[in-house]
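As provided, protein-v8.txt (compact mmCIF, C-alpha atoms) reads as follows.
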```txt
# COMPACT_ATOMS: atom_id res chain seq x y z
CA MET L 1 -15.97 5.23 -23.49
CA SER L 2 -13.82 3.10 -21.19
CA GLY L 3 -11.78 4.78 -18.49
CA THR L 4 -14.04 7.85 -18.13
CA GLY L 5 -13.38 8.07 -14.37
CA PRO L 6 -10.41 9.80 -12.72
CA ARG L 7 -7.24 8.72 -14.48
CA GLU L 8 -3.68 9.79 -15.03
CA ALA L 9 -2.74 12.09 -17.89
CA ILE L 10 -0.46 9.84 -19.95
CA PHE L 11 0.07 9.24 -23.64
CA PRO L 12 -1.55 5.94 -24.70
CA THR L 13 1.29 3.68 -25.77
CA ARG L 14 2.21 0.04 -25.23
CA MET L 15 5.02 1.04 -22.88
CA ALA L 16 2.69 3.25 -20.84
CA LEU L 17 0.23 0.35 -20.62
CA THR L 18 2.95 -2.01 -19.37
CA ASN L 19 4.21 0.49 -16.79
CA THR L 20 0.71 1.21 -15.54
CA LYS L 21 -0.02 -2.50 -15.14
CA LEU L 22 3.17 -2.89 -13.12
CA ARG L 23 2.17 0.04 -10.92
CA LEU L 24 -1.27 -1.47 -10.44
CA LYS L 25 0.31 -4.76 -9.41
CA GLY L 26 2.51 -2.94 -6.91
CA ALA L 27 -0.47 -1.01 -5.53
CA GLN L 28 -2.45 -4.22 -5.05
CA THR L 29 0.51 -5.87 -3.31
CA GLY L 30 0.97 -2.82 -1.07
CA HIS L 31 -2.73 -2.80 -0.26
CA SER L 32 -2.60 -6.46 0.74
CA LEU L 33 0.45 -5.94 2.96
CA LEU L 34 -1.02 -2.84 4.61
CA ALA L 35 -4.29 -4.67 5.23
CA LYS L 36 -2.40 -7.51 6.94
CA LYS L 37 -0.43 -4.99 8.98
CA ARG L 38 -3.64 -3.25 9.99
CA ASP L 39 -5.20 -6.55 11.09
CA ALA L 40 -2.12 -7.46 13.15
CA LEU L 41 -2.03 -4.03 14.79
CA THR L 42 -5.75 -4.17 15.49
CA THR L 43 -5.40 -7.57 17.16
CA ARG L 44 -2.57 -6.28 19.36
CA PHE L 45 -4.52 -3.09 20.03
CA ARG L 46 -7.52 -5.02 21.33
CA ALA L 47 -5.30 -7.19 23.52
CA ILE L 48 -3.65 -4.08 24.99
CA LEU L 49 -7.06 -2.49 25.49
CA ARG L 50 -8.17 -5.44 27.63
CA LYS L 51 -4.92 -5.27 29.61
CA VAL L 52 -5.35 -1.52 30.12
CA ASP L 53 -8.83 -2.06 31.49
CA GLU L 54 -7.58 -4.76 33.86
CA ALA L 55 -4.59 -2.63 34.93
CA LYS L 56 -6.81 0.37 35.70
CA ARG L 57 -9.13 -1.74 37.81
CA LYS L 58 -6.13 -3.26 39.57
CA MET L 59 -4.62 0.18 40.07
CA GLY L 60 -7.79 1.39 41.74
CA ARG L 61 -7.81 -1.52 44.19
CA VAL L 62 -4.08 -1.23 44.94
CA MET L 63 -4.24 2.52 45.54
CA GLN L 64 -7.19 1.99 47.83
CA LEU L 65 -5.19 -0.50 49.89
CA ALA L 66 -2.18 1.83 49.84
CA SER L 67 -4.26 4.73 51.14
CA PHE L 68 -5.65 2.60 53.96
CA SER L 69 -2.17 1.32 54.86
CA LEU L 70 -0.82 4.89 54.95
CA ALA L 71 -3.69 5.87 57.20
CA GLU L 72 -2.80 2.98 59.53
CA VAL L 73 0.84 4.10 59.60
CA THR L 74 -0.18 7.69 60.36
CA TYR L 75 -2.48 6.49 63.12
CA ALA L 76 0.15 4.18 64.66
CA THR L 77 3.33 6.27 64.36
CA GLY L 78 2.30 9.72 63.29
CA ASP L 79 3.83 11.58 60.34
CA ILE L 80 7.02 9.76 59.24
CA SER L 81 7.50 11.50 55.90
CA TYR L 82 10.41 13.61 57.15
CA GLN L 83 12.16 10.50 58.53
CA VAL L 84 11.81 8.70 55.17
CA GLN L 85 13.10 11.71 53.25
CA GLU L 86 16.12 12.04 55.50
CA SER L 87 17.04 8.36 55.46
CA VAL L 88 16.64 7.57 51.75
CA LYS L 89 19.89 7.93 49.80
CA THR L 90 19.44 5.66 46.73
CA ALA L 91 16.39 4.63 44.73
CA SER L 92 15.11 1.13 45.32
CA PHE L 93 12.91 1.28 42.19
CA LYS L 94 14.29 1.83 38.72
CA VAL L 95 12.41 1.73 35.44
CA LYS L 96 13.99 0.07 32.41
CA ALA L 97 12.69 0.72 28.92
CA LYS L 98 12.76 -1.66 25.97
CA GLN L 99 11.01 -1.86 22.61
CA ASP L 100 8.65 -4.41 21.12
CA ASN L 101 8.34 -4.70 17.34
CA VAL L 102 4.77 -5.27 16.15
CA SER L 103 4.55 -5.37 12.34
CA GLY L 104 7.26 -2.74 12.00
CA VAL L 105 5.89 -0.52 14.79
CA LEU L 106 8.16 -0.03 17.79
CA LEU L 107 6.22 -0.02 21.04
CA PRO L 108 7.97 1.06 24.26
CA ALA L 109 7.71 -1.32 27.20
CA PHE L 110 8.66 -0.37 30.76
CA GLU L 111 9.85 -2.78 33.41
CA VAL L 112 10.48 -2.27 37.11
CA ASP L 113 13.92 -3.07 38.42
CA ARG L 114 13.56 -3.34 42.18
CA ASP L 115 16.51 -3.46 44.51
CA PRO L 116 15.36 -4.81 47.90
CA THR L 117 18.67 -3.87 49.54
CA GLY L 118 18.43 -0.26 48.43
CA SER L 119 16.08 0.79 51.19
CA ASP L 120 17.75 2.96 53.85
CA PHE L 121 14.83 3.40 56.24
CA ASN L 122 14.54 -0.13 57.61
CA LEU L 123 14.87 1.18 61.16
CA THR L 124 11.96 3.59 60.74
CA GLY L 125 9.14 2.60 63.07
CA LEU L 126 11.35 0.50 65.28
CA GLY L 127 9.73 1.95 68.39
CA ARG L 128 6.16 1.53 67.23
CA GLY L 129 4.22 0.90 64.06
CA GLY L 130 6.96 -1.15 62.40
CA GLN L 131 4.49 -3.75 61.09
CA GLN L 132 2.21 -1.12 59.59
CA ILE L 133 5.18 0.63 57.97
CA GLN L 134 6.42 -2.61 56.41
CA LYS L 135 2.95 -3.43 55.11
CA SER L 136 2.54 0.07 53.67
CA LYS L 137 5.92 -0.18 51.98
CA GLU L 138 4.99 -3.44 50.29
CA VAL L 139 1.60 -2.14 49.20
CA TYR L 140 3.10 1.02 47.72
CA ALA L 141 5.77 -1.05 45.98
CA LYS L 142 2.98 -3.05 44.40
CA ALA L 143 1.26 0.21 43.45
CA VAL L 144 4.42 1.50 41.73
CA GLU L 145 4.77 -1.74 39.76
CA THR L 146 1.14 -1.53 38.69
CA LEU L 147 1.59 2.14 37.76
CA VAL L 148 4.62 1.35 35.57
CA GLU L 149 2.72 -1.47 33.90
CA LEU L 150 -0.23 0.82 33.25
CA ALA L 151 2.08 3.52 31.85
CA SER L 152 3.64 1.00 29.48
CA LEU L 153 0.26 -0.24 28.28
CA GLN L 154 -1.16 3.27 27.96
CA THR L 155 1.84 4.44 25.90
CA ALA L 156 1.60 1.42 23.58
CA PHE L 157 -2.17 1.99 23.32
CA THR L 158 -1.71 5.61 22.23
CA ILE L 159 1.00 4.78 19.67
CA LEU L 160 -1.01 1.89 18.21
CA ASP L 161 -4.10 4.06 17.94
CA GLU L 162 -2.23 6.66 15.87
CA VAL L 163 -0.51 4.03 13.69
CA ILE L 164 -3.77 2.16 13.04
CA ARG L 165 -5.47 5.38 11.96
CA ALA L 166 -2.61 6.25 9.61
CA THR L 167 -2.62 2.69 8.21
CA ASN L 168 -6.38 2.82 7.68
CA ARG L 169 -6.01 6.09 5.79
CA ARG L 170 -3.35 4.55 3.56
CA VAL L 171 -5.39 1.40 2.94
CA ASN L 172 -8.49 3.44 2.07
CA ALA L 173 -6.48 5.78 -0.17
CA ILE L 174 -4.97 2.87 -2.10
CA GLU L 175 -8.27 0.99 -2.29
CA HIS L 176 -10.55 3.88 -3.26
CA VAL L 177 -8.21 6.32 -5.04
CA VAL L 178 -4.98 4.81 -6.34
CA ILE L 179 -6.23 1.44 -7.61
CA PRO L 180 -9.39 2.81 -9.34
CA LYS L 181 -7.32 5.58 -10.92
CA LEU L 182 -4.79 3.10 -12.30
CA GLU L 183 -7.57 0.78 -13.49
CA ASN L 184 -9.28 3.66 -15.31
CA THR L 185 -5.93 4.62 -16.84
CA ILE L 186 -5.41 1.06 -18.07
CA LYS L 187 -8.93 0.97 -19.55
CA TYR L 188 -8.33 4.32 -21.26
CA VAL L 189 -5.00 3.22 -22.74
CA ILE L 190 -6.47 -0.11 -23.93
CA SER L 191 -9.43 1.65 -25.54
CA GLU L 192 -7.16 4.18 -27.25
CA LEU L 193 -4.84 1.44 -28.50
CA ASP L 194 -7.82 -0.53 -29.83
CA GLU L 195 -9.07 2.59 -31.59
CA MET L 196 -5.62 3.14 -33.09
CA ASP L 197 -5.56 -0.50 -34.26
CA ARG L 198 -8.95 -0.09 -35.88
CA GLU L 199 -7.84 3.10 -37.58
CA GLU L 200 -4.68 1.41 -38.81
CA PHE L 201 -6.69 -1.57 -40.10
CA PHE L 202 -9.11 0.75 -41.90
CA ARG L 203 -6.20 2.72 -43.38
CA LEU L 204 -4.56 -0.47 -44.63
CA LYS L 205 -7.83 -1.58 -46.21
CA LYS L 206 -8.18 1.78 -47.95
CA VAL L 207 -4.58 1.61 -49.17
CA GLN L 208 -5.08 -1.95 -50.42
CA GLY L 209 -8.30 -0.96 -52.20
CA LYS L 210 -6.55 2.03 -53.78
CA LYS L 211 -3.76 -0.23 -55.01
CA LYS L 212 -6.27 -2.67 -56.49
CA ARG L 213 -8.11 0.14 -58.28
CA ASP L 214 -4.84 1.55 -59.60
CA ALA L 215 -3.82 -1.91 -60.83
CA ALA L 216 -7.20 -2.41 -62.51
CA GLU L 217 -6.98 0.98 -64.21
CA THR L 218 -3.44 0.19 -65.40
CA ASP L 219 -4.54 -3.16 -66.81
CA ALA L 220 -7.51 -1.56 -68.58
CA ARG L 221 -5.29 1.16 -70.04
CA ARG L 222 -2.85 -1.43 -71.33
CA ALA L 223 -5.67 -3.43 -72.85
CA LEU L 224 -6.98 -0.34 -74.62
CA GLU L 225 -3.53 0.49 -75.91
CA GLN L 226 -3.08 -3.06 -77.20
CA GLY L 227 -6.53 -2.96 -78.84
CA ALA L 228 -5.75 0.32 -80.64
CA ALA L 229 -2.40 -0.96 -81.86
CA SER L 230 -3.73 -4.25 -83.42
CA PRO L 231 -5.29 -2.80 -86.76
CA ASP L 232 -2.04 -1.06 -87.67
CA GLU L 233 -0.20 -4.25 -87.06
CA GLU L 234 -2.62 -6.16 -89.37
CA GLU L 235 -2.11 -3.62 -92.19
CA THR L 236 1.64 -3.78 -91.78
CA ALA L 237 1.51 -7.57 -91.85
CA ALA L 238 -0.61 -7.53 -95.06
CA VAL L 239 1.79 -5.18 -96.86
CA SER L 240 4.75 -7.30 -95.87
CA ASN L 241 2.96 -10.37 -97.18
CA LEU L 242 2.36 -8.74 -100.50
CA LEU L 243 5.97 -7.78 -100.84
CA GLU L 244 7.14 -11.19 -99.92
CA GLU L 245 4.88 -13.05 -102.33
CA LYS L 246 6.47 -14.08 -105.66
CA ASP L 247 4.47 -14.26 -108.86
CA GLU L 248 4.55 -17.52 -110.72
CA ASP L 249 6.03 -17.46 -114.14
CA VAL L 250 3.37 -16.91 -116.78
CA ILE L 251 3.94 -18.71 -120.07
CA PHE L 252 2.24 -17.21 -123.07
```
Output the file's structure as structure tokens, nothing else.
Amino acid sequence: MSGTGPREAIFPTRMALTNTKLRLKGAQTGHSLLAKKRDALTTRFRAILRKVDEAKRKMGRVMQLASFSLAEVTYATGDISYQVQESVKTASFKVKAKQDNVSGVLLPAFEVDRDPTGSDFNLTGLGRGGQQIQKSKEVYAKAVETLVELASLQTAFTILDEVIRATNRRVNAIEHVVIPKLENTIKYVISELDEMDREEFFRLKKVQGKKKRDAAETDARRALEQGAASPDEEETAAVSNLLEEKDEDVIF
């Protein structure tokens, strides 16, 4: 029997068949759109993955240089952390956030807004070690920019990973559960409608045969009645003929 797999419990009618076909069409369209979305997200995910790898390698090199530059500053001028903390009043680095739309998925993107005039410790190291301090400041500024870039990529990477997994689950559910279930339902409804058509055709044939037999029996009964009535009619006709006949005058 067609449609023996998992199917929906519906009454097999023409309207149910039409509605199920429309739902199947919608499921196939949704599957196609979700598959395209998954492919687009996967492409962006791979691109971000390459950028994350490059940013991590870059971050390692920059932090290495920053550590060496801080060691040079400490060697040349001693500990200047208290001087920096006392002289800094405003932040020279600010992080701005925006959103990128990738196939309906909003990915946060962070950008560094650097204010070169916001530094309040330009006179630090004026006596000695000024060159090392300036170099360390530039290297750490580069490290902060790289860190913000890595944070942006890592956040987008995490969000895309979750969205791709959810999209894959939806695509697989539609492909392996929803569409086969609707197809089995359509097969079941079509088979039931065909069976109903065959039953109706057989019923009509039986009714037509019954009518033909009834008509034949009626015709036979009428023929028998006419056959039984014909001798009486002949006798009645003979009597009437005798009464109507006139004798010829006999002359003696």
* **8 Å contact set for L:Ala109, only C-alpha atoms, chain neighbours under 3 positions out, as a ChimeraX atom specification** => /L:97-100,152-153,156
* Asked: In Å, how far is it from atom CA of L:Arg14 to atom CA of L:Val189?
  ->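 Between atom CA of L:Arg14 and atom CA of L:Val189 the gap is 8.3 Å.
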* **Which of L:Gln226, L:Arg165, L:Gly60, L:Ser136 sits closest to L:Thr74 [using all atoms listed in the file]** => L:Ser136
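Residue nearest L:Leu70 within the list L:Ser32, L:Ser191, L:Ser92, L:Gln132: L:Gln132 [criterion: smallest interatomic distance, all atoms listed in the file].
The space between atom CA of L:Lys181 and atom CA of L:Asp197 spans 24.2 Å.
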* **Atom pair atom CA of L:Met15 / atom CA of L:Gln208: separation (Å)** => 29.5 Å
Where is the centre and how long are the edges: axis-aligned box on stretch 181-192 of chain L, 5 Å on each side, Å to one decimal, as lines of an AutoDock Vina configuration file:
```
center_x = -7.1
center_y = 2.7
center_z = -19.1
size_x = 14.6
size_y = 15.7
size_z = 26.3
```
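Of the residues under consideration (L:Met59, L:Leu193, L:Val52, L:Val207), L:Leu193 shows the shortest atom-to-atom contact distance to L:Pro12 when counting all atoms listed in the file.
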* Asked: Of the residues L:Ala143, L:Lys135, L:Leu204, L:Met196, which is the one nearest to L:Glu72, using only C-alpha atoms?
  ->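 Ranking L:Ala143, L:Lys135, L:Leu204, L:Met196 by distance to L:Glu72, first place goes to L:Lys135.
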* Distance query L:Asp115 at most 10 Å, all atoms listed in the file, self and fewer than 5 positions along chain excluded, as a ChimeraX atom specification -> /L:90-94
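Considering the residues L:Gln154, L:Ser103, L:Thr20, L:Asn184 and counting all atoms listed in the file, L:Thr43 has its shortest atom-to-atom contact with L:Ser103.
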* Structure fact -> One residue among L:Val139, L:Val144, L:Gly227, L:Ala9 is nearest to L:Arg114 when using all atoms listed in the file, and that residue is L:Val144
Please, could N, CA, C and O atoms be added to stretch 40-59 of chain L and the result written as an mmCIF file, in the frame of the given file?
```cif
data_model
loop_
_atom_site.group_PDB
_atom_site.id
_atom_site.type_symbol
_atom_site.label_atom_id
_atom_site.label_comp_id
_atom_site.auth_asym_id
_atom_site.auth_seq_id
_atom_site.Cartn_x
_atom_site.Cartn_y
_atom_site.Cartn_z
ATOM 1 N N ALA L 40 -3.012 -7.079 12.045
ATOM 2 C CA ALA L 40 -2.120 -7.460 13.150
ATOM 3 C C ALA L 40 -2.097 -6.382 14.236
ATOM 4 O O ALA L 40 -2.151 -6.687 15.442
ATOM 5 N N LEU L 41 -2.029 -5.121 13.805
ATOM 6 C CA LEU L 41 -2.030 -4.030 14.790
ATOM 7 C C LEU L 41 -3.359 -3.953 15.533
ATOM 8 O O LEU L 41 -3.383 -3.673 16.739
ATOM 9 N N THR L 42 -4.442 -4.209 14.836
ATOM 10 C CA THR L 42 -5.750 -4.170 15.490
ATOM 11 C C THR L 42 -5.875 -5.278 16.524
ATOM 12 O O THR L 42 -6.429 -5.068 17.617
ATOM 13 N N THR L 43 -5.367 -6.462 16.191
ATOM 14 C CA THR L 43 -5.400 -7.570 17.160
ATOM 15 C C THR L 43 -4.603 -7.220 18.409
ATOM 16 O O THR L 43 -5.059 -7.429 19.548
ATOM 17 N N ARG L 44 -3.388 -6.676 18.207
ATOM 18 C CA ARG L 44 -2.570 -6.280 19.360
ATOM 19 C C ARG L 44 -3.224 -5.125 20.123
ATOM 20 O O ARG L 44 -3.169 -5.071 21.363
ATOM 21 N N PHE L 45 -3.858 -4.227 19.404
ATOM 22 C CA PHE L 45 -4.520 -3.090 20.030
ATOM 23 C C PHE L 45 -5.651 -3.551 20.957
ATOM 24 O O PHE L 45 -5.805 -3.043 22.082
ATOM 25 N N ARG L 46 -6.421 -4.513 20.492
ATOM 26 C CA ARG L 46 -7.520 -5.020 21.330
ATOM 27 C C ARG L 46 -6.993 -5.753 22.555
ATOM 28 O O ARG L 46 -7.570 -5.640 23.653
ATOM 29 N N ALA L 47 -5.899 -6.500 22.370
ATOM 30 C CA ALA L 47 -5.300 -7.190 23.520
ATOM 31 C C ALA L 47 -4.793 -6.172 24.549
ATOM 32 O O ALA L 47 -5.000 -6.341 25.768
ATOM 33 N N ILE L 48 -4.142 -5.108 24.078
ATOM 34 C CA ILE L 48 -3.650 -4.080 24.990
ATOM 35 C C ILE L 48 -4.813 -3.353 25.655
ATOM 36 O O ILE L 48 -4.733 -2.981 26.841
ATOM 37 N N LEU L 49 -5.886 -3.161 24.907
ATOM 38 C CA LEU L 49 -7.060 -2.490 25.490
ATOM 39 C C LEU L 49 -7.624 -3.292 26.656
ATOM 40 O O LEU L 49 -7.983 -2.718 27.703
ATOM 41 N N ARG L 50 -7.693 -4.615 26.509
ATOM 42 C CA ARG L 50 -8.170 -5.440 27.630
ATOM 43 C C ARG L 50 -7.209 -5.352 28.815
ATOM 44 O O ARG L 50 -7.645 -5.261 29.977
ATOM 45 N N LYS L 51 -5.888 -5.374 28.520
ATOM 46 C CA LYS L 51 -4.920 -5.270 29.610
ATOM 47 C C LYS L 51 -4.990 -3.914 30.300
ATOM 48 O O LYS L 51 -4.809 -3.813 31.521
ATOM 49 N N VAL L 52 -5.230 -2.845 29.528
ATOM 50 C CA VAL L 52 -5.350 -1.520 30.120
ATOM 51 C C VAL L 52 -6.549 -1.459 31.060
ATOM 52 O O VAL L 52 -6.470 -0.900 32.170
ATOM 53 N N ASP L 53 -7.646 -2.035 30.626
ATOM 54 C CA ASP L 53 -8.830 -2.060 31.490
ATOM 55 C C ASP L 53 -8.556 -2.825 32.780
ATOM 56 O O ASP L 53 -8.909 -2.357 33.886
ATOM 57 N N GLU L 54 -7.913 -3.983 32.668
ATOM 58 C CA GLU L 54 -7.580 -4.760 33.860
ATOM 59 C C GLU L 54 -6.594 -4.014 34.751
ATOM 60 O O GLU L 54 -6.731 -4.020 35.993
ATOM 61 N N ALA L 55 -5.587 -3.356 34.138
ATOM 62 C CA ALA L 55 -4.590 -2.630 34.930
ATOM 63 C C ALA L 55 -5.219 -1.441 35.663
ATOM 64 O O ALA L 55 -4.853 -1.148 36.814
ATOM 65 N N LYS L 56 -6.148 -0.761 35.028
ATOM 66 C CA LYS L 56 -6.810 0.370 35.700
ATOM 67 C C LYS L 56 -7.653 -0.096 36.874
ATOM 68 O O LYS L 56 -7.657 0.531 37.946
ATOM 69 N N ARG L 57 -8.353 -1.200 36.689
ATOM 70 C CA ARG L 57 -9.130 -1.740 37.810
ATOM 71 C C ARG L 57 -8.210 -2.177 38.956
ATOM 72 O O ARG L 57 -8.470 -1.918 40.141
ATOM 73 N N LYS L 58 -7.097 -2.833 38.562
ATOM 74 C CA LYS L 58 -6.130 -3.260 39.570
ATOM 75 C C LYS L 58 -5.497 -2.072 40.267
ATOM 76 O O LYS L 58 -5.272 -2.084 41.483
ATOM 77 N N MET L 59 -5.212 -1.018 39.496
ATOM 78 C CA MET L 59 -4.620 0.180 40.070
ATOM 79 C C MET L 59 -5.546 0.830 41.092
ATOM 80 O O MET L 59 -5.106 1.304 42.150
#
```
